[in-house]
>>> print(open('upload_29.txt').read())   # compact mmCIF, C-alpha atoms and all ligand atoms
# COMPACT_ATOMS: atom_id res chain seq x y z
CA MET A 5 6.76 17.34 -14.51
CA GLN A 6 9.48 19.80 -15.44
CA ALA A 7 7.51 20.69 -18.59
CA ILE A 8 4.25 21.02 -16.64
CA GLN A 9 5.95 23.17 -14.04
CA LYS A 10 7.17 25.50 -16.79
CA ILE A 11 3.63 25.94 -18.16
CA CYS A 12 2.29 26.52 -14.64
CA LYS A 13 4.87 29.21 -14.03
CA GLU A 14 4.16 30.97 -17.34
CA GLU A 15 0.38 30.80 -16.90
CA LYS A 16 0.46 31.48 -13.14
CA LEU A 17 -1.21 28.14 -12.38
CA TRP A 18 -0.96 26.08 -9.22
CA PHE A 19 1.34 23.10 -9.77
CA HIS A 20 -0.10 20.17 -7.81
CA VAL A 21 1.37 16.67 -8.03
CA ASP A 22 -0.87 13.69 -7.23
CA GLY A 23 2.00 11.56 -6.03
CA CYS A 24 -0.02 9.19 -3.88
CA ILE A 25 2.10 6.30 -5.12
CA GLY A 26 4.86 7.96 -7.12
CA ALA A 27 6.03 10.89 -4.98
CA LEU A 28 8.03 8.60 -2.72
CA ILE A 29 10.23 7.61 -5.66
CA ALA A 30 12.00 10.85 -4.74
CA ILE A 31 13.72 8.99 -1.86
CA ALA A 32 14.82 6.00 -3.99
CA PRO A 33 18.46 6.58 -5.03
CA LYS A 34 18.39 4.61 -8.31
CA ASN A 35 15.09 5.97 -9.58
CA GLN A 36 14.61 9.45 -8.19
CA HIS A 37 15.41 10.92 -11.63
CA LEU A 38 12.00 9.55 -12.75
CA VAL A 39 10.26 12.20 -10.65
CA ALA A 40 12.58 15.10 -11.45
CA GLY A 41 10.66 18.36 -11.14
CA ILE A 42 8.53 17.24 -8.20
CA GLU A 43 10.61 19.50 -5.95
CA GLU A 44 9.11 22.50 -7.78
CA ALA A 45 5.52 21.54 -6.90
CA ASP A 46 3.26 23.98 -5.06
CA SER A 47 1.62 21.02 -3.38
CA ILE A 48 2.00 17.24 -3.33
CA ALA A 49 -0.38 14.49 -2.23
CA LEU A 50 1.40 11.35 -1.08
CA ASP A 51 0.30 8.25 0.75
CA PRO A 52 2.61 6.91 3.47
CA HIS A 53 0.16 3.97 3.68
CA LYS A 54 1.24 2.92 0.23
CA TRP A 55 4.97 2.84 -0.54
CA LEU A 56 6.18 3.86 2.93
CA HIS A 57 4.54 0.72 4.39
CA VAL A 58 2.76 2.69 7.15
CA PRO A 59 -0.29 0.78 8.46
CA PHE A 60 -3.59 1.95 6.94
CA GLU A 61 -4.37 4.82 6.84
CA ALA A 62 -2.05 7.79 6.63
CA GLY A 63 -2.64 10.05 3.66
CA CYS A 64 -0.67 13.27 3.46
CA ALA A 65 -0.74 16.57 1.59
CA ILE A 66 2.16 18.98 1.74
CA VAL A 67 1.94 22.59 0.60
CA ARG A 68 4.91 24.84 -0.06
CA ASP A 69 3.37 28.20 0.82
CA ALA A 70 2.11 27.93 4.40
CA GLU A 71 0.45 31.36 4.27
CA ALA A 72 -1.52 30.57 1.11
CA HIS A 73 -2.44 27.21 2.60
CA ARG A 74 -3.65 28.76 5.85
CA GLY A 75 -5.44 31.54 3.96
CA ALA A 76 -7.57 28.98 2.13
CA PHE A 77 -8.94 27.37 5.31
CA ALA A 78 -8.47 29.61 8.37
CA MET A 79 -11.74 30.63 9.93
CA HIS A 80 -12.45 31.63 13.51
CA SER A 81 -15.95 31.35 14.85
CA GLU A 82 -16.71 32.37 18.43
CA TYR A 83 -16.23 28.82 19.66
CA LEU A 84 -12.82 28.56 17.97
CA GLU A 85 -11.14 31.76 19.02
CA GLU A 86 -7.40 31.89 19.30
CA LYS A 87 -5.88 33.32 22.46
CA PRO A 88 -2.41 34.80 22.67
CA ARG A 89 -1.65 32.48 25.63
CA GLY A 90 -2.76 29.13 26.99
CA ILE A 91 -3.63 25.95 25.12
CA ALA A 92 -5.37 27.77 22.25
CA ALA A 93 -2.25 29.80 21.41
CA ALA A 94 -0.32 27.21 19.40
CA GLY A 95 -2.06 27.64 16.03
CA TYR A 96 -4.91 25.37 15.06
CA LEU A 97 -4.42 22.41 12.71
CA HIS A 98 -7.92 23.05 11.33
CA GLU A 99 -6.55 26.21 9.74
CA TYR A 100 -4.89 23.94 7.20
CA ASN A 101 -7.83 21.77 6.07
CA LEU A 102 -11.48 20.98 6.70
CA GLN A 103 -11.01 18.79 9.75
CA THR A 104 -10.87 20.05 13.32
CA SER A 105 -10.75 16.87 15.37
CA ARG A 106 -8.45 14.23 13.99
CA GLY A 107 -6.44 11.13 14.83
CA PHE A 108 -2.73 11.34 15.50
CA ARG A 109 -1.63 9.69 12.26
CA ALA A 110 1.71 11.44 12.21
CA LEU A 111 3.01 9.35 15.11
CA LYS A 112 3.14 6.05 13.23
CA ILE A 113 4.85 7.67 10.25
CA TRP A 114 7.40 9.39 12.45
CA LEU A 115 8.10 6.21 14.44
CA MET A 116 8.63 4.13 11.29
CA LEU A 117 11.03 6.70 9.90
CA LYS A 118 12.92 6.78 13.22
CA GLU A 119 13.02 2.98 13.49
CA HIS A 120 14.05 2.16 9.90
CA GLY A 121 15.41 5.40 8.43
CA VAL A 122 14.46 7.00 5.12
CA ALA A 123 17.30 5.26 3.25
CA LYS A 124 15.81 1.81 3.86
CA PHE A 125 12.43 2.81 2.44
CA GLY A 126 14.23 4.30 -0.55
CA ARG A 127 16.04 0.99 -1.15
CA LEU A 128 12.75 -0.93 -0.93
CA ILE A 129 11.21 1.36 -3.54
CA ASP A 130 14.19 0.73 -5.85
CA GLN A 131 13.75 -3.01 -5.21
CA ASN A 132 10.05 -2.90 -6.20
CA ILE A 133 10.88 -0.91 -9.34
CA SER A 134 13.46 -3.47 -10.42
CA GLN A 135 10.89 -6.20 -9.77
CA GLY A 136 8.52 -4.29 -12.07
CA GLU A 137 11.22 -4.42 -14.73
CA TYR A 138 11.64 -8.17 -14.12
CA LEU A 139 7.89 -8.75 -14.50
CA ARG A 140 7.77 -6.71 -17.72
CA GLY A 141 10.54 -8.96 -19.04
CA LEU A 142 8.52 -12.09 -18.19
CA VAL A 143 5.43 -10.66 -19.89
CA GLU A 144 7.35 -9.70 -23.01
CA ASN A 145 8.83 -13.18 -23.31
CA GLU A 146 5.47 -14.87 -22.98
CA PRO A 147 3.58 -15.14 -26.31
CA ASP A 148 0.16 -15.34 -24.60
CA LEU A 149 0.68 -12.14 -22.61
CA THR A 150 0.73 -8.58 -23.97
CA LEU A 151 2.17 -5.58 -22.19
CA ILE A 152 -0.34 -2.73 -22.33
CA ALA A 153 1.52 0.32 -21.00
CA PRO A 154 5.20 1.27 -21.28
CA SER A 155 5.58 1.86 -17.54
CA ARG A 156 9.05 2.21 -16.03
CA ILE A 157 8.12 1.81 -12.38
CA ASN A 158 6.51 -0.79 -10.12
CA ILE A 159 3.22 -0.94 -11.98
CA VAL A 160 2.82 -3.45 -14.77
CA CYS A 161 -0.31 -3.65 -16.94
CA PHE A 162 -0.85 -6.58 -19.25
CA GLN A 163 -3.48 -8.78 -20.88
CA TYR A 164 -3.78 -12.50 -21.30
CA THR A 165 -4.24 -12.73 -25.07
CA PRO A 166 -3.95 -16.37 -26.20
CA ARG A 167 -5.75 -15.67 -29.49
CA PRO A 168 -7.59 -12.84 -31.24
CA MET A 169 -10.91 -12.04 -29.60
CA SER A 170 -13.31 -9.12 -29.16
CA GLU A 171 -12.63 -6.42 -26.55
CA GLU A 172 -15.62 -7.71 -24.64
CA GLN A 173 -14.41 -11.32 -24.51
CA GLN A 174 -10.94 -10.09 -23.64
CA CYS A 175 -12.29 -8.12 -20.70
CA ALA A 176 -14.45 -11.01 -19.43
CA LEU A 177 -11.56 -13.49 -19.67
CA ASN A 178 -9.03 -11.27 -17.91
CA THR A 179 -11.52 -10.27 -15.21
CA GLU A 180 -12.23 -13.94 -14.51
CA ILE A 181 -8.48 -14.66 -14.24
CA MET A 182 -8.07 -11.78 -11.79
CA LEU A 183 -10.99 -12.92 -9.62
CA ARG A 184 -9.84 -16.55 -9.47
CA LEU A 185 -6.29 -15.56 -8.53
CA GLN A 186 -7.72 -13.37 -5.76
CA GLU A 187 -10.21 -15.97 -4.52
CA ASP A 188 -7.62 -18.76 -4.51
CA GLY A 189 -5.26 -16.59 -2.49
CA ILE A 190 -2.58 -16.70 -5.21
CA ALA A 191 -2.18 -13.03 -6.08
CA ALA A 192 -3.96 -9.73 -5.48
CA MET A 193 -3.92 -8.09 -8.90
CA SER A 194 -6.39 -5.38 -9.79
CA ASP A 195 -7.56 -4.33 -13.24
CA THR A 196 -7.87 -1.09 -15.13
CA THR A 197 -8.54 0.28 -18.61
CA ILE A 198 -5.80 2.11 -20.49
CA ALA A 199 -6.67 3.91 -23.73
CA GLY A 200 -9.75 1.72 -24.08
CA LYS A 201 -7.92 -1.53 -23.35
CA HIS A 202 -8.94 -3.50 -20.29
CA CYS A 203 -5.95 -5.07 -18.56
CA LEU A 204 -4.62 -6.71 -15.44
CA ARG A 205 -2.68 -4.33 -13.20
CA VAL A 206 0.11 -5.39 -10.90
CA ALA A 207 1.39 -2.79 -8.41
CA ILE A 208 4.38 -4.16 -6.53
CA CYS A 209 4.78 -2.32 -3.26
CA ASN A 210 5.40 -5.06 -0.71
CA HIS A 211 8.84 -5.47 0.84
CA ARG A 212 8.26 -9.24 0.98
CA THR A 213 7.72 -9.66 -2.77
CA THR A 214 10.42 -11.70 -4.53
CA CYS A 215 11.05 -12.44 -8.21
CA LYS A 216 9.89 -16.01 -7.51
CA ASP A 217 6.46 -14.62 -6.60
CA LEU A 218 6.37 -12.90 -9.99
CA ASP A 219 7.36 -16.14 -11.77
CA LEU A 220 4.45 -17.78 -9.96
CA LEU A 221 2.09 -14.94 -10.87
CA VAL A 222 2.83 -15.38 -14.57
CA ARG A 223 2.64 -19.17 -14.40
CA GLU A 224 -0.69 -19.07 -12.58
CA THR A 225 -2.13 -16.41 -14.89
CA LEU A 226 -1.40 -18.71 -17.84
CA ARG A 227 -2.75 -21.79 -16.06
CA VAL A 228 -5.97 -20.14 -14.90
CA GLY A 229 -6.40 -18.43 -18.28
CA ALA A 230 -6.15 -21.78 -20.06
CA ASP A 231 -8.64 -23.29 -17.58
CA VAL A 232 -11.18 -20.54 -18.20
CA ILE A 233 -10.86 -20.97 -21.95
CA SER A 234 -11.24 -24.74 -21.86
CA GLU A 235 -14.29 -24.45 -19.55
CA SER A 236 -16.00 -22.03 -21.89
CA ALA A 237 -15.20 -24.36 -24.81
CA THR A 238 -16.96 -27.28 -23.09
CA THR A 239 -20.02 -25.26 -22.05
CA THR A 240 -20.67 -23.74 -25.48
C1 LIG B 301 -4.21 5.85 -3.90
C2 LIG B 301 -4.30 7.03 -4.74
C3 LIG B 301 -5.14 8.11 -4.41
C4 LIG B 301 -6.01 8.22 -3.19
O1 LIG B 301 -5.92 7.20 -2.29
P1 LIG B 301 -6.10 7.32 -0.71
O2 LIG B 301 -5.67 5.97 -0.26
O3 LIG B 301 -7.53 7.60 -0.48
O4 LIG B 301 -5.22 8.41 -0.25
C5 LIG B 301 -5.15 9.19 -5.29
N1 LIG B 301 -4.37 9.21 -6.39
C6 LIG B 301 -3.55 8.20 -6.71
C7 LIG B 301 -2.68 8.31 -7.93
C8 LIG B 301 -3.47 7.07 -5.90
O5 LIG B 301 -2.63 6.09 -6.20
>>> encode(input="upload_29.txt", output="structure tokens")
Amino acid sequence: MQAIQKICKEEKLWFHVDGCIGALIAIAPKNQHLVAGIEEADSIALDPHKWLHVPFEAGCAIVRDAEAHRGAFAMHSEYLEEKPRGIAAAGYLHEYNLQTSRGFRALKIWLMLKEHGVAKFGRLIDQNISQGEYLRGLVENEPDLTLIAPSRINIVCFQYTPRPMSEEQQCALNTEIMLRLQEDGIAAMSDTTIAGKHCLRVAICNHRTTCKDLDLLVRETLRVGADVISESATTT
């Protein structure tokens, strides 16, 4: 981000950070160096409903230059005229985005921060990142699993690869593993494709997750993977 910020400054470009998951690493004492440069952003998107554990939904965008922000949206039709006094004098929230009427999402975020304090959420983010490291270790030590991306945070992408097979078979096998683990209530992994490689994607952002859960995830991935393979062997 420091390198991108430098280019933005030289080329007079807006430096926006899509930090929906990652921006909150800035409050995690052991890992905040991973997002160095984010403090230079012109704007940041972040999702308190992800790593701040706020109940769904509470998305957030913050913009450094309030005047530029307001200038992009402010518009006053006859039915939305500001008055120097009275209830319409406080400055309209709709001058900062497309919405006029809106729910009071800020309350639940504010209350959680008051109740628990920022430091606790920072510690939980560090905890999830070290669990990501733990899971990567498990994957690397398991011959039938292959790590797909060199992530350093709470997101771990890997494939079940018990033997050489085509990309297509690989994708079908791993998708089936993911769906069975979801349907059996064992784990809620998602999947994604990185540089053309389909893979299972684990994003650890729950404060209740323990390393034992990750041991179980790996064990069950291997068990279900072997089941799927033996079933396809008997049907073909
Ligand atoms: C989650 C996410 C979004 C948007 O998600 P919302 O839940 O709709 O706010 C955008 N970018 C990234 C990187 C995300 O993780």
>>> closest_atom_pairs(input="upload_29.txt", of="chain A", to="ligand LIG 301 (chain B)", cutoff="7 Å", atoms="all atoms listed in the file", output="CSV")
residue,atom,partner,partner_atom,distance
A:Asp22,CA,B:LIG301,C7,5.7
A:Gly23,CA,B:LIG301,C7,6.0
A:Cys24,CA,B:LIG301,C8,4.5
A:Ile25,CA,B:LIG301,O5,4.9
A:Asp51,CA,B:LIG301,O4,5.6
A:Gly63,CA,B:LIG301,O4,5.0
>>> closest_atom_pairs(input="upload_29.txt", of="region 83-190 of chain A", to="region 72-76 of chain A", cutoff="12 Å", atoms="all atoms listed in the file", output="CSV")
residue,atom,partner,partner_atom,distance
A:Gly95,CA,A:Arg74,CA,10.4
A:Tyr96,CA,A:Arg74,CA,9.9
A:Leu97,CA,A:Arg74,CA,9.4
A:His98,CA,A:Arg74,CA,9.0
A:Glu99,CA,A:Arg74,CA,5.5
A:Tyr100,CA,A:Arg74,CA,5.2
A:Asn101,CA,A:Arg74,CA,8.1
A:Leu102,CA,A:Ala76,CA,10.0
>>> atom_distance(input="upload_29.txt", atom1="CA of Pro52 (chain A)", atom2="CA of Gly121 (chain A)")
13.8 Å
>>> closest_residue(input="upload_29.txt", among="A:Thr104, A:Ser155, A:Asn132, A:Gln173", to="Lys34 (chain A)", atoms="all atoms listed in the file")
A:Asn132
>>> residues_around(input="upload_29.txt", residues="region 207-209 of chain A", least_positions_apart="5", cutoff="10 Å", atoms="all atoms listed in the file", output="PyMOL selection string")
chain A and resi 25+54-57+128-129+131-136+139+157-161+192-194+214+218
>>> atom_distance(input="upload_29.txt", atom1="CA of Val67 (chain A)", atom2="CA of Ser47 (chain A)")
4.3 Å
>>> atom_distance(input="upload_29.txt", atom1="CA of Leu17 (chain A)", atom2="CA of Leu38 (chain A)")
22.8 Å
>>> residues_around(input="upload_29.txt", residues="Arg167 (chain A)", least_positions_apart="5", cutoff="10 Å", atoms="all atoms listed in the file", output="ChimeraX atom specification")
/A:147-148,174
>>> residues_around(input="upload_29.txt", residues="region 221-224 of chain A", least_positions_apart="4", cutoff="7 Å", atoms="all atoms listed in the file", output="VMD selection string")
chain A and resid 191 217 228
>>> closest_residue(input="upload_29.txt", among="A:Lys87, A:Gly126, A:Glu71, A:Arg106", to="Ala27 (chain A)", atoms="all atoms listed in the file")
A:Gly126
>>> residues_around(input="upload_29.txt", residues="region 150-153 of chain A", least_positions_apart="2", cutoff="9 Å", atoms="all atoms listed in the file", output="CSV table (one decimal) with C-alpha atoms, in the frame of the given file")
chain,number,residue,atom,x,y,z
A,140,ARG,CA,7.8,-6.7,-17.7
A,143,VAL,CA,5.4,-10.7,-19.9
A,144,GLU,CA,7.4,-9.7,-23.0
A,146,GLU,CA,5.5,-14.9,-23.0
A,147,PRO,CA,3.6,-15.1,-26.3
A,148,ASP,CA,0.2,-15.3,-24.6
A,155,SER,CA,5.6,1.9,-17.5
A,160,VAL,CA,2.8,-3.4,-14.8
A,161,CYS,CA,-0.3,-3.6,-16.9
A,162,PHE,CA,-0.8,-6.6,-19.2
A,163,GLN,CA,-3.5,-8.8,-20.9
A,164,TYR,CA,-3.8,-12.5,-21.3
A,165,THR,CA,-4.2,-12.7,-25.1
A,198,ILE,CA,-5.8,2.1,-20.5
A,201,LYS,CA,-7.9,-1.5,-23.4
A,202,HIS,CA,-8.9,-3.5,-20.3
A,203,CYS,CA,-6.0,-5.1,-18.6
>>> closest_residue(input="upload_29.txt", among="A:Gly90, A:Gly107, A:Gly26, A:Gly41", to="Ala62 (chain A)", atoms="only C-alpha atoms")
A:Gly107
>>> residues_around(input="upload_29.txt", residues="region 232-237 of chain A", least_positions_apart="3", cutoff="9 Å", atoms="only C-alpha atoms", output="list in words")
Leu177, Glu180, Ile181, Arg227, Val228, Gly229 and Thr240 of chain A
>>> closest_residue(input="upload_29.txt", among="A:Phe77, A:Leu142, A:Ala32, A:Lys10", to="Glu44 (chain A)", atoms="all atoms listed in the file")
A:Lys10
>>> closest_residue(input="upload_29.txt", among="A:Val21, A:Ile31, A:Cys215, A:Ala110", to="Val122 (chain A)", atoms="all atoms listed in the file")
A:Ile31
>>> closest_residue(input="upload_29.txt", among="A:Ala70, A:Leu204, A:Leu220, A:Val58", to="His120 (chain A)", atoms="only C-alpha atoms")
A:Val58
>>> build_atoms(input="upload_29.txt", residues="region 105-126 of chain A", atoms="N, CA, C and O atoms", output="mmCIF file, keeping the file's coordinate frame")
data_model
loop_
_atom_site.group_PDB
_atom_site.id
_atom_site.type_symbol
_atom_site.label_atom_id
_atom_site.label_comp_id
_atom_site.auth_asym_id
_atom_site.auth_seq_id
_atom_site.Cartn_x
_atom_site.Cartn_y
_atom_site.Cartn_z
ATOM 1 N N SER A 105 -11.211 18.024 14.583
ATOM 2 C CA SER A 105 -10.750 16.870 15.370
ATOM 3 C C SER A 105 -10.146 15.833 14.434
ATOM 4 O O SER A 105 -10.646 15.629 13.335
ATOM 5 N N ARG A 106 -9.101 15.202 14.876
ATOM 6 C CA ARG A 106 -8.450 14.230 13.990
ATOM 7 C C ARG A 106 -7.583 13.275 14.794
ATOM 8 O O ARG A 106 -7.143 13.589 15.899
ATOM 9 N N GLY A 107 -7.334 12.109 14.223
ATOM 10 C CA GLY A 107 -6.440 11.130 14.830
ATOM 11 C C GLY A 107 -4.995 11.562 14.688
ATOM 12 O O GLY A 107 -4.668 12.397 13.841
ATOM 13 N N PHE A 108 -4.152 10.983 15.487
ATOM 14 C CA PHE A 108 -2.730 11.340 15.500
ATOM 15 C C PHE A 108 -1.975 10.413 14.553
ATOM 16 O O PHE A 108 -1.209 9.567 14.957
ATOM 17 N N ARG A 109 -2.236 10.592 13.245
ATOM 18 C CA ARG A 109 -1.630 9.690 12.260
ATOM 19 C C ARG A 109 -0.122 9.908 12.125
ATOM 20 O O ARG A 109 0.605 9.021 11.724
ATOM 21 N N ALA A 110 0.300 11.125 12.436
ATOM 22 C CA ALA A 110 1.710 11.440 12.210
ATOM 23 C C ALA A 110 2.637 10.568 13.055
ATOM 24 O O ALA A 110 3.766 10.291 12.653
ATOM 25 N N LEU A 111 2.137 10.104 14.194
ATOM 26 C CA LEU A 111 3.010 9.350 15.110
ATOM 27 C C LEU A 111 3.557 8.085 14.465
ATOM 28 O O LEU A 111 4.744 7.793 14.531
ATOM 29 N N LYS A 112 2.666 7.318 13.795
ATOM 30 C CA LYS A 112 3.140 6.050 13.230
ATOM 31 C C LYS A 112 4.115 6.281 12.070
ATOM 32 O O LYS A 112 5.035 5.500 11.859
ATOM 33 N N ILE A 113 3.918 7.362 11.341
ATOM 34 C CA ILE A 113 4.850 7.670 10.250
ATOM 35 C C ILE A 113 6.218 8.051 10.837
ATOM 36 O O ILE A 113 7.262 7.544 10.422
ATOM 37 N N TRP A 114 6.163 8.913 11.820
ATOM 38 C CA TRP A 114 7.400 9.390 12.450
ATOM 39 C C TRP A 114 8.176 8.219 13.080
ATOM 40 O O TRP A 114 9.385 8.087 12.904
ATOM 41 N N LEU A 115 7.441 7.345 13.779
ATOM 42 C CA LEU A 115 8.100 6.210 14.440
ATOM 43 C C LEU A 115 8.749 5.276 13.433
ATOM 44 O O LEU A 115 9.866 4.787 13.645
ATOM 45 N N MET A 116 8.051 5.012 12.311
ATOM 46 C CA MET A 116 8.630 4.130 11.290
ATOM 47 C C MET A 116 9.889 4.733 10.699
ATOM 48 O O MET A 116 10.873 4.031 10.459
ATOM 49 N N LEU A 117 9.847 6.048 10.466
ATOM 50 C CA LEU A 117 11.030 6.700 9.900
ATOM 51 C C LEU A 117 12.192 6.658 10.896
ATOM 52 O O LEU A 117 13.344 6.451 10.525
ATOM 53 N N LYS A 118 11.871 6.830 12.190
ATOM 54 C CA LYS A 118 12.920 6.780 13.220
ATOM 55 C C LYS A 118 13.492 5.366 13.333
ATOM 56 O O LYS A 118 14.693 5.164 13.485
ATOM 57 N N GLU A 119 12.599 4.377 13.300
ATOM 58 C CA GLU A 119 13.020 2.980 13.490
ATOM 59 C C GLU A 119 13.864 2.486 12.310
ATOM 60 O O GLU A 119 14.904 1.875 12.495
ATOM 61 N N HIS A 120 13.403 2.758 11.080
ATOM 62 C CA HIS A 120 14.050 2.160 9.900
ATOM 63 C C HIS A 120 14.942 3.131 9.132
ATOM 64 O O HIS A 120 15.851 2.685 8.437
ATOM 65 N N GLY A 121 14.645 4.417 9.195
ATOM 66 C CA GLY A 121 15.410 5.400 8.430
ATOM 67 C C GLY A 121 14.884 5.525 7.004
ATOM 68 O O GLY A 121 14.414 4.547 6.417
ATOM 69 N N VAL A 122 14.970 6.727 6.465
ATOM 70 C CA VAL A 122 14.460 7.000 5.120
ATOM 71 C C VAL A 122 15.184 6.158 4.072
ATOM 72 O O VAL A 122 14.588 5.666 3.113
ATOM 73 N N ALA A 123 16.500 5.949 4.266
ATOM 74 C CA ALA A 123 17.300 5.260 3.250
ATOM 75 C C ALA A 123 16.764 3.852 2.986
ATOM 76 O O ALA A 123 16.742 3.384 1.840
ATOM 77 N N LYS A 124 16.309 3.174 4.045
ATOM 78 C CA LYS A 124 15.810 1.810 3.860
ATOM 79 C C LYS A 124 14.536 1.797 3.000
ATOM 80 O O LYS A 124 14.386 0.966 2.100
ATOM 81 N N PHE A 125 13.641 2.756 3.256
ATOM 82 C CA PHE A 125 12.430 2.810 2.440
ATOM 83 C C PHE A 125 12.784 3.130 0.987
ATOM 84 O O PHE A 125 12.167 2.611 0.060
ATOM 85 N N GLY A 126 13.778 3.972 0.799
ATOM 86 C CA GLY A 126 14.230 4.300 -0.550
ATOM 87 C C GLY A 126 14.748 3.056 -1.267
ATOM 88 O O GLY A 126 14.430 2.811 -2.428
#
